[in-house]
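**Q** Have a peek at my_file_23.txt (compact mmCIF, C-alpha atoms and all ligand atoms).
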```
# COMPACT_ATOMS: atom_id res chain seq x y z
CA MET A 281 -4.87 -25.30 -27.29
CA ASP A 282 -2.54 -22.49 -26.25
CA ARG A 283 -5.18 -20.74 -24.10
CA LEU A 284 -6.01 -23.94 -22.26
CA ILE A 285 -2.36 -24.79 -21.64
CA ALA A 286 -1.66 -21.25 -20.40
CA ALA A 287 -4.62 -21.52 -18.01
CA ILE A 288 -3.36 -24.88 -16.72
CA GLU A 289 0.07 -23.36 -16.13
CA GLN A 290 -1.43 -20.40 -14.33
CA THR A 291 -3.48 -22.53 -11.95
CA GLN A 292 -0.86 -25.31 -11.77
CA ASN A 293 -3.82 -27.61 -12.13
CA PRO A 294 -4.38 -29.98 -15.08
CA SER A 295 -7.98 -30.74 -14.17
CA VAL A 296 -11.38 -29.79 -15.49
CA VAL A 297 -14.63 -29.78 -13.53
CA GLY A 298 -17.47 -31.51 -15.37
CA LEU A 299 -20.75 -29.65 -15.01
CA ASP A 300 -23.12 -32.58 -15.49
CA PRO A 301 -26.10 -31.86 -13.23
CA THR A 302 -28.88 -34.43 -12.89
CA PRO A 303 -31.95 -34.39 -10.62
CA ALA A 304 -30.08 -36.71 -8.22
CA LEU A 305 -27.04 -34.43 -8.05
CA VAL A 306 -28.89 -31.20 -7.23
CA PRO A 307 -30.24 -30.84 -3.68
CA SER A 308 -34.03 -31.03 -3.93
CA ILE A 309 -34.57 -27.87 -1.88
CA ILE A 310 -32.99 -25.84 -4.71
CA VAL A 311 -35.46 -27.26 -7.24
CA ASP A 312 -38.35 -26.76 -4.79
CA GLU A 313 -37.52 -23.11 -4.33
CA MET A 314 -37.14 -22.55 -8.09
CA ARG A 315 -40.46 -24.35 -8.65
CA GLU A 316 -42.21 -21.83 -6.44
CA GLU A 317 -40.63 -18.98 -8.41
CA VAL A 318 -41.56 -20.31 -11.85
CA GLU A 319 -45.11 -21.29 -10.85
CA GLN A 320 -45.97 -17.61 -10.81
CA GLU A 321 -44.62 -17.08 -14.32
CA VAL A 322 -45.22 -20.22 -16.39
CA ASP A 323 -48.70 -21.66 -17.08
CA ALA A 324 -48.33 -25.28 -18.18
CA GLU A 325 -47.45 -27.73 -15.40
CA GLN A 326 -44.89 -29.66 -17.42
CA GLU A 327 -43.15 -26.46 -18.42
CA HIS A 328 -42.96 -25.45 -14.73
CA GLU A 329 -41.10 -28.56 -13.91
CA LEU A 330 -38.59 -28.25 -16.75
CA ALA A 331 -38.07 -24.56 -16.06
CA ALA A 332 -37.61 -25.20 -12.33
CA TYR A 333 -34.89 -27.77 -13.01
CA ALA A 334 -33.24 -25.56 -15.63
CA ILE A 335 -32.99 -22.62 -13.23
CA ALA A 336 -31.87 -24.95 -10.45
CA TYR A 337 -29.09 -26.35 -12.69
CA LEU A 338 -27.95 -22.85 -13.52
CA GLU A 339 -27.87 -21.77 -9.86
CA PHE A 340 -26.09 -25.00 -8.94
CA ASN A 341 -23.48 -24.46 -11.68
CA ARG A 342 -22.96 -20.82 -10.72
CA ALA A 343 -22.29 -21.82 -7.12
CA ILE A 344 -19.75 -24.41 -8.26
CA ILE A 345 -18.09 -22.08 -10.77
CA ASP A 346 -17.75 -19.37 -8.10
CA ALA A 347 -16.22 -21.92 -5.75
CA VAL A 348 -13.57 -23.23 -8.17
CA ALA A 349 -12.87 -20.43 -10.65
CA ASP A 350 -9.59 -19.44 -8.98
CA ILE A 351 -8.21 -22.98 -8.72
CA VAL A 352 -9.19 -24.77 -11.95
CA PRO A 353 -8.50 -23.73 -15.55
CA ALA A 354 -11.63 -25.14 -17.18
CA VAL A 355 -15.13 -26.56 -16.91
CA LYS A 356 -16.84 -29.13 -19.12
CA PRO A 357 -20.64 -28.91 -19.26
CA GLN A 358 -22.17 -32.07 -20.78
CA ILE A 359 -25.02 -30.96 -23.05
CA ALA A 360 -27.16 -34.11 -22.62
CA MET A 361 -27.97 -33.12 -19.05
CA TYR A 362 -29.41 -29.83 -20.30
CA GLU A 363 -31.05 -31.08 -23.50
CA ALA A 364 -33.12 -33.41 -21.31
CA LEU A 365 -34.95 -30.28 -20.10
CA GLY A 366 -35.78 -28.96 -23.58
CA ALA A 367 -35.44 -25.30 -24.51
CA ALA A 368 -35.12 -24.14 -20.89
CA GLY A 369 -32.27 -26.59 -20.42
CA LEU A 370 -30.43 -25.30 -23.47
CA ASP A 371 -30.72 -21.79 -22.05
CA ALA A 372 -29.20 -23.09 -18.83
CA TYR A 373 -26.36 -24.67 -20.86
CA THR A 374 -25.54 -21.48 -22.78
CA MET A 375 -25.85 -19.34 -19.66
CA THR A 376 -23.55 -21.74 -17.80
CA CYS A 377 -20.96 -21.42 -20.59
CA GLU A 378 -21.22 -17.64 -20.56
CA TYR A 379 -21.01 -17.43 -16.78
CA ALA A 380 -17.94 -19.68 -16.65
CA GLN A 381 -16.21 -17.57 -19.31
CA SER A 382 -17.07 -14.37 -17.44
CA LYS A 383 -15.11 -15.88 -14.53
CA GLY A 384 -12.10 -16.49 -16.79
CA LEU A 385 -12.62 -20.23 -17.28
CA TYR A 386 -11.99 -22.13 -20.51
CA VAL A 387 -15.25 -23.86 -21.48
CA LEU A 388 -15.11 -27.28 -23.04
CA GLY A 389 -18.59 -28.06 -24.37
CA ASP A 390 -19.08 -31.80 -24.24
CA ILE A 391 -21.44 -32.12 -27.20
CA LYS A 392 -19.91 -35.21 -28.90
CA ARG A 393 -21.04 -34.38 -32.40
CA GLY A 394 -20.31 -36.55 -35.42
CA ASP A 395 -22.15 -36.76 -38.75
CA ILE A 396 -21.73 -36.63 -42.53
CA GLY A 397 -19.89 -33.57 -43.82
CA SER A 398 -22.88 -31.39 -44.70
CA THR A 399 -24.53 -31.99 -41.34
CA ALA A 400 -21.24 -31.67 -39.47
CA ALA A 401 -20.91 -28.23 -41.04
CA ALA A 402 -24.19 -27.24 -39.34
CA TYR A 403 -23.07 -28.75 -36.03
CA ALA A 404 -19.84 -26.75 -36.31
CA ALA A 405 -21.96 -23.68 -35.59
CA HIS A 406 -21.14 -24.44 -31.96
CA LEU A 407 -17.68 -23.06 -32.77
CA ALA A 408 -18.30 -20.76 -35.69
CA GLY A 409 -21.65 -19.18 -34.86
CA PHE A 410 -24.78 -19.47 -36.96
CA GLY A 411 -24.49 -18.33 -40.58
CA ALA A 412 -20.74 -18.10 -40.26
CA HIS A 413 -20.30 -17.77 -44.02
CA SER A 414 -22.94 -15.15 -44.59
CA GLY A 415 -22.75 -13.08 -41.42
CA HIS A 416 -21.66 -14.24 -38.01
CA VAL A 417 -24.25 -14.64 -35.23
CA ASP A 418 -22.88 -16.01 -31.98
CA MET A 419 -25.14 -18.40 -30.19
CA TRP A 420 -22.93 -20.94 -28.50
CA HIS A 421 -19.93 -19.87 -26.49
CA GLU A 422 -17.73 -22.87 -25.95
CA ASP A 423 -13.94 -22.52 -26.28
CA ALA A 424 -13.78 -26.14 -27.40
CA ILE A 425 -16.13 -29.01 -28.08
CA THR A 426 -15.95 -32.79 -28.22
CA ILE A 427 -16.62 -34.66 -31.46
CA ASN A 428 -16.94 -38.27 -32.59
CA PRO A 429 -14.42 -38.80 -35.42
CA TYR A 430 -15.55 -42.31 -36.28
CA LEU A 431 -17.42 -41.02 -39.38
CA GLY A 432 -14.17 -40.04 -41.10
CA SER A 433 -12.53 -36.85 -42.32
CA ASP A 434 -15.56 -35.24 -43.99
CA GLY A 435 -17.30 -35.34 -40.61
CA VAL A 436 -14.31 -33.83 -38.84
CA GLU A 437 -13.07 -31.16 -41.25
CA PRO A 438 -15.96 -28.70 -40.71
CA PHE A 439 -15.08 -28.63 -37.01
CA ILE A 440 -11.37 -28.15 -37.66
CA ASN A 441 -12.09 -25.37 -40.16
CA ALA A 442 -14.42 -23.61 -37.72
CA ALA A 443 -11.90 -24.04 -34.91
CA ASN A 444 -9.10 -22.56 -37.03
CA ALA A 445 -11.24 -19.66 -38.18
CA HIS A 446 -12.53 -18.79 -34.71
CA ASP A 447 -9.61 -19.68 -32.45
CA ARG A 448 -11.34 -22.64 -30.83
CA ASP A 449 -10.32 -26.23 -30.08
CA VAL A 450 -11.82 -29.64 -30.75
CA PHE A 451 -11.39 -32.91 -28.85
CA ALA A 452 -12.03 -36.11 -30.81
CA LEU A 453 -12.97 -39.38 -29.13
CA VAL A 454 -10.13 -41.86 -29.55
CA ARG A 455 -10.26 -44.35 -26.66
CA THR A 456 -13.32 -43.84 -24.50
CA SER A 457 -13.51 -44.70 -20.81
CA ASN A 458 -16.70 -46.78 -20.83
CA PRO A 459 -16.67 -50.54 -20.14
CA SER A 460 -17.95 -51.74 -23.52
CA SER A 461 -15.74 -49.43 -25.61
CA ALA A 462 -13.40 -52.34 -26.42
CA GLN A 463 -16.18 -53.99 -28.47
CA ILE A 464 -15.51 -51.43 -31.19
CA GLN A 465 -12.31 -49.57 -30.38
CA GLU A 466 -10.16 -52.65 -29.80
CA VAL A 467 -11.20 -54.41 -32.99
CA GLU A 468 -8.01 -55.61 -34.66
CA LEU A 469 -7.43 -54.42 -38.20
CA ALA A 470 -5.67 -56.27 -41.00
CA SER A 471 -2.61 -54.10 -40.26
CA GLY A 472 -2.50 -55.60 -36.76
CA MET A 473 -3.44 -52.26 -35.26
CA HIS A 474 -6.48 -51.75 -33.08
CA LEU A 475 -9.18 -49.50 -34.47
CA TYR A 476 -8.54 -46.83 -31.78
CA GLU A 477 -4.85 -46.75 -32.73
CA HIS A 478 -5.81 -46.17 -36.33
CA ILE A 479 -8.12 -43.33 -35.27
CA ALA A 480 -5.32 -41.95 -33.08
CA GLY A 481 -3.08 -41.79 -36.17
CA LEU A 482 -5.76 -39.94 -38.14
CA VAL A 483 -6.42 -37.48 -35.31
CA GLY A 484 -2.69 -36.76 -35.09
CA GLU A 485 -2.56 -36.20 -38.86
CA TRP A 486 -5.68 -34.00 -38.98
CA GLY A 487 -4.24 -31.81 -36.25
CA ASN A 488 -0.83 -31.34 -37.84
CA SER A 489 -1.69 -28.08 -39.58
CA SER A 490 -2.72 -26.32 -36.35
CA ILE A 491 0.16 -26.82 -33.93
CA GLY A 492 0.39 -23.92 -31.49
CA GLU A 493 3.06 -22.27 -29.36
CA TYR A 494 3.25 -25.10 -26.88
CA GLY A 495 3.63 -27.80 -29.55
CA TYR A 496 0.04 -29.06 -29.35
CA SER A 497 -2.54 -28.86 -32.11
CA ARG A 498 -6.09 -27.56 -31.97
CA LEU A 499 -7.38 -31.09 -32.40
CA GLY A 500 -7.10 -32.92 -29.09
CA ALA A 501 -7.98 -36.51 -28.26
CA VAL A 502 -10.26 -37.99 -25.62
CA VAL A 503 -8.51 -40.87 -23.86
CA GLY A 504 -10.16 -42.52 -20.86
CA ALA A 505 -8.39 -42.71 -17.49
CA THR A 506 -9.62 -46.31 -17.35
CA HIS A 507 -7.02 -47.35 -19.98
CA PRO A 508 -3.68 -46.42 -18.37
CA GLU A 509 -1.35 -48.54 -20.52
CA GLN A 510 -3.09 -47.70 -23.78
CA GLY A 511 -3.15 -44.02 -22.77
CA GLN A 512 0.58 -44.04 -22.10
CA ALA A 513 1.26 -45.68 -25.47
CA LEU A 514 -0.97 -43.12 -27.19
CA ARG A 515 0.99 -40.31 -25.51
CA ALA A 516 4.13 -41.56 -27.26
CA ARG A 517 2.31 -42.07 -30.55
CA MET A 518 0.65 -38.62 -30.55
CA PRO A 519 3.30 -36.08 -29.53
CA HIS A 520 1.34 -33.05 -30.78
CA THR A 521 -2.09 -34.08 -29.52
CA PHE A 522 -3.40 -32.75 -26.21
CA PHE A 523 -5.48 -35.25 -24.23
CA LEU A 524 -8.78 -34.82 -22.43
CA VAL A 525 -8.80 -37.63 -19.88
CA PRO A 526 -12.22 -38.45 -18.38
CA GLY A 527 -12.87 -41.36 -16.03
CA TYR A 528 -10.99 -40.13 -12.95
CA GLY A 529 -12.94 -40.61 -9.71
CA ALA A 530 -16.47 -41.89 -10.24
CA GLN A 531 -15.39 -44.31 -13.00
CA GLY A 532 -12.46 -45.62 -10.96
CA GLY A 533 -9.52 -43.89 -12.68
CA THR A 534 -6.75 -42.71 -10.33
CA ALA A 535 -3.92 -40.20 -10.52
CA ALA A 536 -1.48 -43.09 -10.97
CA ASP A 537 -3.55 -44.25 -13.96
CA VAL A 538 -3.34 -40.92 -15.75
CA VAL A 539 0.26 -39.78 -15.20
CA GLY A 540 1.48 -41.71 -18.26
CA MET A 541 -0.85 -39.60 -20.41
CA PHE A 542 1.15 -36.44 -19.64
CA ASP A 543 4.33 -35.50 -21.49
CA THR A 544 7.75 -35.34 -19.85
CA GLN A 545 7.17 -31.69 -18.89
CA GLY A 546 3.98 -32.60 -17.02
CA SER A 547 1.82 -31.03 -19.76
CA GLY A 548 -0.16 -32.61 -22.59
CA ALA A 549 -3.31 -33.63 -20.71
CA ILE A 550 -6.23 -32.37 -18.68
CA VAL A 551 -8.16 -34.75 -16.43
CA ASN A 552 -11.92 -34.48 -15.98
CA SER A 553 -14.04 -35.24 -12.96
CA SER A 554 -17.75 -34.53 -12.97
CA ARG A 555 -19.68 -36.47 -10.31
CA GLY A 556 -16.61 -36.57 -8.06
CA ILE A 557 -16.69 -32.76 -7.78
CA ILE A 558 -20.28 -31.65 -8.27
CA GLY A 559 -21.65 -34.55 -6.25
CA ALA A 560 -19.09 -34.25 -3.42
CA TRP A 561 -21.78 -32.65 -1.21
CA LYS A 562 -23.67 -35.96 -1.10
CA LYS A 563 -20.91 -37.56 0.92
CA GLN A 564 -21.38 -34.99 3.69
CA GLU A 565 -25.08 -34.32 3.32
CA PRO A 566 -26.64 -32.74 6.43
CA THR A 567 -30.03 -34.06 7.61
CA SER A 568 -31.69 -30.95 6.19
CA TYR A 569 -30.96 -27.60 4.59
CA MET A 570 -32.53 -24.38 5.85
CA SER A 571 -32.90 -22.88 2.36
CA ALA A 572 -31.77 -23.20 -1.25
CA GLN A 573 -28.95 -20.76 -0.46
CA ASP A 574 -27.84 -22.91 2.44
CA ALA A 575 -27.71 -25.95 0.09
CA LEU A 576 -25.84 -24.00 -2.59
CA ASP A 577 -23.28 -22.86 -0.04
CA HIS A 578 -22.73 -26.45 1.06
CA VAL A 579 -22.45 -27.71 -2.54
CA ALA A 580 -19.87 -24.98 -3.21
CA VAL A 581 -17.72 -25.73 -0.16
CA CYS A 582 -17.70 -29.47 -0.92
CA ALA A 583 -16.95 -28.91 -4.63
CA ARG A 584 -14.00 -26.67 -3.81
CA LYS A 585 -12.62 -29.18 -1.33
CA ALA A 586 -12.94 -32.01 -3.87
CA ALA A 587 -11.37 -29.90 -6.64
CA CYS A 588 -8.41 -29.02 -4.37
CA ALA A 589 -7.99 -32.69 -3.42
CA MET A 590 -7.98 -33.70 -7.10
CA ARG A 591 -5.43 -31.00 -7.97
CA ASP A 592 -3.16 -32.08 -5.11
CA ASP A 593 -3.57 -35.75 -6.07
CA LEU A 594 -2.56 -35.06 -9.70
CA GLN A 595 0.29 -32.74 -8.72
CA SER A 596 1.84 -35.26 -6.34
CA ALA A 597 1.46 -38.16 -8.78
CA LEU A 598 3.16 -36.08 -11.48
CA ALA A 599 5.95 -35.02 -9.11
CA GLU A 600 6.56 -38.62 -7.99
CA ARG A 601 6.75 -40.36 -11.37
O1 LIG B 1 -15.94 -36.96 -23.93
C1 LIG B 1 -16.03 -37.10 -22.70
O2 LIG B 1 -15.94 -36.13 -21.97
C2 LIG B 1 -16.10 -38.45 -22.16
C3 LIG B 1 -15.47 -39.44 -22.88
C4 LIG B 1 -15.24 -40.68 -22.30
O3 LIG B 1 -14.60 -41.56 -22.86
N1 LIG B 1 -15.73 -40.92 -21.05
C5 LIG B 1 -16.42 -39.97 -20.34
O4 LIG B 1 -16.79 -40.24 -19.19
N2 LIG B 1 -16.67 -38.74 -20.92
C6 LIG B 1 -17.48 -37.72 -20.20
O5 LIG B 1 -16.78 -37.34 -19.02
C7 LIG B 1 -17.70 -37.17 -17.94
C8 LIG B 1 -17.37 -38.17 -16.85
O6 LIG B 1 -18.14 -37.95 -15.71
P1 LIG B 1 -17.79 -38.58 -14.29
O7 LIG B 1 -17.65 -40.04 -14.50
O8 LIG B 1 -18.97 -38.21 -13.46
O9 LIG B 1 -16.52 -37.93 -13.82
C9 LIG B 1 -19.09 -37.33 -18.52
O10 LIG B 1 -19.52 -36.04 -18.95
C10 LIG B 1 -18.86 -38.21 -19.75
O11 LIG B 1 -19.82 -38.00 -20.76
```
Before anything else, please render the file you have as structure tokens.
Ligand SMILES: O=C(O)c1cc(=O)[nH]c(=O)n1[C@@H]1O[C@H](COP(=O)(O)O)[C@@H](O)[C@H]1O

**A**
Amino acid sequence: MDRLIAAIEQTQNPSVVGLDPTPALVPSIIVDEMREEVEQEVDAEQEHELAAYAIAYLEFNRAIIDAVADIVPAVKPQIAMYEALGAAGLDAYTMTCEYAQSKGLYVLGDIKRGDIGSTAAAYAAHLAGFGAHSGHVDMWHEDAITINPYLGSDGVEPFINAANAHDRDVFALVRTSNPSSAQIQEVELASGMHLYEHIAGLVGEWGNSSIGEYGYSRLGAVVGATHPEQGQALRARMPHTFFLVPGYGAQGGTAADVVGMFDTQGSGAIVNSSRGIIGAWKKQEPTSYMSAQDALDHVAVCARKAACAMRDDLQSALAER
């Protein structure tokens, strides 16, 4: 976690921009222009469409990355958005990760993996590279990934081992931001604890062997901005666990909701916003764009403005508490 914390300190900005493009979030003129380009190269009609969106997503992400690279420490591409486009989408995902890293950003791959140990070991290739034990081949380039720890330690250990061996980080879901998460995560155990509190204890324990310079382990926790009191209590319960806090903005979480998830030094957490940043252009959409470049320029200006507003919002809430 040391690299992420250093990047947050450098930018004075504990926020991460979620790169979660969807057809509705990308101006249609960008896709139209890419469609014309790929029509000359790809035969099958369905492939055209997927390739056009994949290239459009990549151009869209590049414009946003260029616009925010000097003011945010990290980006978080959500792989589902790209997987929906098949192989071309996965190329757009990996190229997005590589491009963000070339601009000095920490890349948090939101891949939410979780499976039995032997399968988790294969999923851990996202951190370790393919064939890590027999000869390393890099394919994925994330600095960190998200995992689902609810399968237990054999499903988590392969990720921790890969993270330790390759200087990467892992964020485990503990208390998710979505409305129905309480159905499972707030189930009360015989001990009187809620299930998410039990998982929080395990995540803290699993991370204990990898505490870095800043006092935080390689195994972080995902804690939704939509649970301010629980998040604050988890902060006290997990002193060595860095938090990824999604749910700010589009899901209703505010800066006041997330301040309790930071430590007394104002560190210990990074807050995500995806639609609030990459979809900011929709709030000031002009009647038409002249070209794809015109649309990309507008997306970039709006994303930067939204990212600055989020940074300022978090900074002042942290200063005021
Ligand atoms: O792991 C996550 O990132 C995550 C966990 C969680 O509890 N809630 C949550 O919203 N997320 C992700 O954070 C992002 C939130 O997007 P916005 O609501 O558009 O800001 C999406 O990529 C979600 O998949």

**Q** So how many Å separate CA of Leu385 in chain A and CA of Ile351 in chain A, to one decimal?

**A**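 CA of Ile351 in chain A lies at a distance of 10.0 Å from CA of Leu385 in chain A.
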
**Q** If the limit is 10 Å from any atom of ligand LIG 1 (chain B), counting all atoms listed in the file, which residues qualify? Return them as a ChimeraX atom specification.

**A** /A:296-301,356-361,388-392,425-428,451-459,461,501-507,524-533,551-559

**Q** Take the residues from that selection and put them in a file with C-alpha atoms, as a compact mmCIF listing (two decimals), keeping the file's coordinate frame.

**A**
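Contents of again_25.txt, freshly written:
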```
# COMPACT_ATOMS: atom_id res chain seq x y z
CA VAL A 296 -11.38 -29.79 -15.49
CA VAL A 297 -14.63 -29.78 -13.53
CA GLY A 298 -17.47 -31.51 -15.37
CA LEU A 299 -20.75 -29.65 -15.01
CA ASP A 300 -23.12 -32.58 -15.49
CA PRO A 301 -26.10 -31.86 -13.23
CA LYS A 356 -16.84 -29.13 -19.12
CA PRO A 357 -20.64 -28.91 -19.26
CA GLN A 358 -22.17 -32.07 -20.78
CA ILE A 359 -25.02 -30.96 -23.05
CA ALA A 360 -27.16 -34.11 -22.62
CA MET A 361 -27.97 -33.12 -19.05
CA LEU A 388 -15.11 -27.28 -23.04
CA GLY A 389 -18.59 -28.06 -24.37
CA ASP A 390 -19.08 -31.80 -24.24
CA ILE A 391 -21.44 -32.12 -27.20
CA LYS A 392 -19.91 -35.21 -28.90
CA ILE A 425 -16.13 -29.01 -28.08
CA THR A 426 -15.95 -32.79 -28.22
CA ILE A 427 -16.62 -34.66 -31.46
CA ASN A 428 -16.94 -38.27 -32.59
CA PHE A 451 -11.39 -32.91 -28.85
CA ALA A 452 -12.03 -36.11 -30.81
CA LEU A 453 -12.97 -39.38 -29.13
CA VAL A 454 -10.13 -41.86 -29.55
CA ARG A 455 -10.26 -44.35 -26.66
CA THR A 456 -13.32 -43.84 -24.50
CA SER A 457 -13.51 -44.70 -20.81
CA ASN A 458 -16.70 -46.78 -20.83
CA PRO A 459 -16.67 -50.54 -20.14
CA SER A 461 -15.74 -49.43 -25.61
CA ALA A 501 -7.98 -36.51 -28.26
CA VAL A 502 -10.26 -37.99 -25.62
CA VAL A 503 -8.51 -40.87 -23.86
CA GLY A 504 -10.16 -42.52 -20.86
CA ALA A 505 -8.39 -42.71 -17.49
CA THR A 506 -9.62 -46.31 -17.35
CA HIS A 507 -7.02 -47.35 -19.98
CA LEU A 524 -8.78 -34.82 -22.43
CA VAL A 525 -8.80 -37.63 -19.88
CA PRO A 526 -12.22 -38.45 -18.38
CA GLY A 527 -12.87 -41.36 -16.03
CA TYR A 528 -10.99 -40.13 -12.95
CA GLY A 529 -12.94 -40.61 -9.71
CA ALA A 530 -16.47 -41.89 -10.24
CA GLN A 531 -15.39 -44.31 -13.00
CA GLY A 532 -12.46 -45.62 -10.96
CA GLY A 533 -9.52 -43.89 -12.68
CA VAL A 551 -8.16 -34.75 -16.43
CA ASN A 552 -11.92 -34.48 -15.98
CA SER A 553 -14.04 -35.24 -12.96
CA SER A 554 -17.75 -34.53 -12.97
CA ARG A 555 -19.68 -36.47 -10.31
CA GLY A 556 -16.61 -36.57 -8.06
CA ILE A 557 -16.69 -32.76 -7.78
CA ILE A 558 -20.28 -31.65 -8.27
CA GLY A 559 -21.65 -34.55 -6.25
```

**Q** What does the distance from CA of Gly492 in chain A to CA of Ala443 in chain A come to in Å, to one decimal?

**A**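 If I compute the distance from CA of Gly492 in chain A to CA of Ala443 in chain A, I get 12.8 Å.
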
**Q** Would you mind telling me which residue in A:Arg591, A:His421, A:His446, A:Arg283 lies nearest to Gln381 in chain A when using only C-alpha atoms?

**A**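 Checking each candidate against Gln381 in chain A, we get A:His421 as the closest.
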
**Q** Could you pull the residues within 6 Å of range 399-403 of chain A, counting only C-alpha atoms, minus those fewer than 3 positions along the same chain, as a list in words?

**A**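 Everything that qualifies: Asp395, Ile396, Gly435 and Pro438 of chain A.
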
**Q** Using only C-alpha atoms, which residues sit within 12 Å of Ala364 in chain A once same-chain residues fewer than 2 positions away are excluded, as JSON, numbers by chain?

**A** {"A": [300, 301, 302, 303, 329, 330, 331, 333, 334, 337, 358, 359, 360, 361, 362, 366, 367, 368, 369, 370, 371, 372, 373]}

**Q** Write out as a ChimeraX atom specification which residues come within 10 Å of Asp577 in chain A when counting all atoms listed in the file, dropping same-chain ones fewer than 3 positions away.

**A** /A:340,343-344,347,561,571-574,580-583

**Q** With distances taken over all atoms listed in the file, which of A:Met590, A:Glu493, A:Ala336, A:Leu475 is nearest to Ala462 in chain A?

**A**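 Of A:Met590, A:Glu493, A:Ala336, A:Leu475, the one nearest Ala462 in chain A, counting all atoms listed in the file, is A:Leu475.
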
**Q** Need the axis-aligned box for range 431-447 of chain A with 8 Å each side, so what are the centre and edges in Å to one decimal, as AutoDock Vina command-line options?

**A**
```
--center_x -13.3 --center_y -29.9 --center_z -38.2 --size_x 24.3 --size_y 38.2 --size_z 27.5
```

**Q** To one decimal place in Å, what is the distance between CA of Pro566 in chain A and CA of Ile309 in chain A?

**A**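 A separation of 12.5 Å between them.
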
**Q** With all atoms listed in the file as the basis for distance, which of A:Ala332, A:Ala536, A:Val483, A:Ala354 is at the shortest distance from Pro519 in chain A?

**A** A:Val483

**Q** Looking at A:Val306, A:Arg517, A:Val450, A:Ser460, which one is nearest to Gly481 in chain A, with distances taken over all atoms listed in the file?

**A** A:Arg517

**Q** Missing atoms in range 306-320 of chain A need filling: write out N, CA and C atoms for it as a PDB file, keeping the file's coordinate frame.

**A**
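Generated file (part01.pdb):
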```
ATOM      1  N   VAL A 306     -28.552 -32.563  -7.682  1.00  0.00           N
ATOM      2  CA  VAL A 306     -28.890 -31.200  -7.230  1.00  0.00           C
ATOM      3  C   VAL A 306     -29.788 -31.323  -5.996  1.00  0.00           C
ATOM      4  N   PRO A 307     -29.397 -30.730  -4.873  1.00  0.00           N
ATOM      5  CA  PRO A 307     -30.240 -30.840  -3.680  1.00  0.00           C
ATOM      6  C   PRO A 307     -31.690 -30.425  -3.973  1.00  0.00           C
ATOM      7  N   SER A 308     -32.639 -31.236  -3.521  1.00  0.00           N
ATOM      8  CA  SER A 308     -34.030 -31.030  -3.930  1.00  0.00           C
ATOM      9  C   SER A 308     -34.587 -29.683  -3.459  1.00  0.00           C
ATOM     10  N   ILE A 309     -34.041 -29.150  -2.384  1.00  0.00           N
ATOM     11  CA  ILE A 309     -34.570 -27.870  -1.880  1.00  0.00           C
ATOM     12  C   ILE A 309     -34.328 -26.739  -2.895  1.00  0.00           C
ATOM     13  N   ILE A 310     -33.270 -26.873  -3.691  1.00  0.00           N
ATOM     14  CA  ILE A 310     -32.990 -25.840  -4.710  1.00  0.00           C
ATOM     15  C   ILE A 310     -34.088 -25.889  -5.775  1.00  0.00           C
ATOM     16  N   VAL A 311     -34.414 -27.108  -6.211  1.00  0.00           N
ATOM     17  CA  VAL A 311     -35.460 -27.260  -7.240  1.00  0.00           C
ATOM     18  C   VAL A 311     -36.802 -26.796  -6.662  1.00  0.00           C
ATOM     19  N   ASP A 312     -37.071 -27.150  -5.410  1.00  0.00           N
ATOM     20  CA  ASP A 312     -38.350 -26.760  -4.790  1.00  0.00           C
ATOM     21  C   ASP A 312     -38.516 -25.240  -4.775  1.00  0.00           C
ATOM     22  N   GLU A 313     -37.434 -24.572  -4.399  1.00  0.00           N
ATOM     23  CA  GLU A 313     -37.520 -23.110  -4.330  1.00  0.00           C
ATOM     24  C   GLU A 313     -37.708 -22.494  -5.720  1.00  0.00           C
ATOM     25  N   MET A 314     -37.011 -23.062  -6.717  1.00  0.00           N
ATOM     26  CA  MET A 314     -37.140 -22.550  -8.090  1.00  0.00           C
ATOM     27  C   MET A 314     -38.553 -22.839  -8.631  1.00  0.00           C
ATOM     28  N   ARG A 315     -39.114 -23.980  -8.203  1.00  0.00           N
ATOM     29  CA  ARG A 315     -40.460 -24.350  -8.650  1.00  0.00           C
ATOM     30  C   ARG A 315     -41.470 -23.299  -8.187  1.00  0.00           C
ATOM     31  N   GLU A 316     -41.305 -22.871  -6.960  1.00  0.00           N
ATOM     32  CA  GLU A 316     -42.210 -21.830  -6.440  1.00  0.00           C
ATOM     33  C   GLU A 316     -42.086 -20.545  -7.259  1.00  0.00           C
ATOM     34  N   GLU A 317     -40.840 -20.217  -7.629  1.00  0.00           N
ATOM     35  CA  GLU A 317     -40.630 -18.980  -8.410  1.00  0.00           C
ATOM     36  C   GLU A 317     -41.274 -19.077  -9.785  1.00  0.00           C
ATOM     37  N   VAL A 318     -41.059 -20.229 -10.470  1.00  0.00           N
ATOM     38  CA  VAL A 318     -41.560 -20.310 -11.850  1.00  0.00           C
ATOM     39  C   VAL A 318     -43.066 -20.510 -11.900  1.00  0.00           C
ATOM     40  N   GLU A 319     -43.663 -21.050 -10.843  1.00  0.00           N
ATOM     41  CA  GLU A 319     -45.110 -21.290 -10.850  1.00  0.00           C
ATOM     42  C   GLU A 319     -45.869 -19.995 -11.075  1.00  0.00           C
ATOM     43  N   GLN A 320     -45.289 -18.895 -10.612  1.00  0.00           N
ATOM     44  CA  GLN A 320     -45.970 -17.610 -10.810  1.00  0.00           C
ATOM     45  C   GLN A 320     -45.857 -17.107 -12.242  1.00  0.00           C
TER      46      GLN A 320
END
```
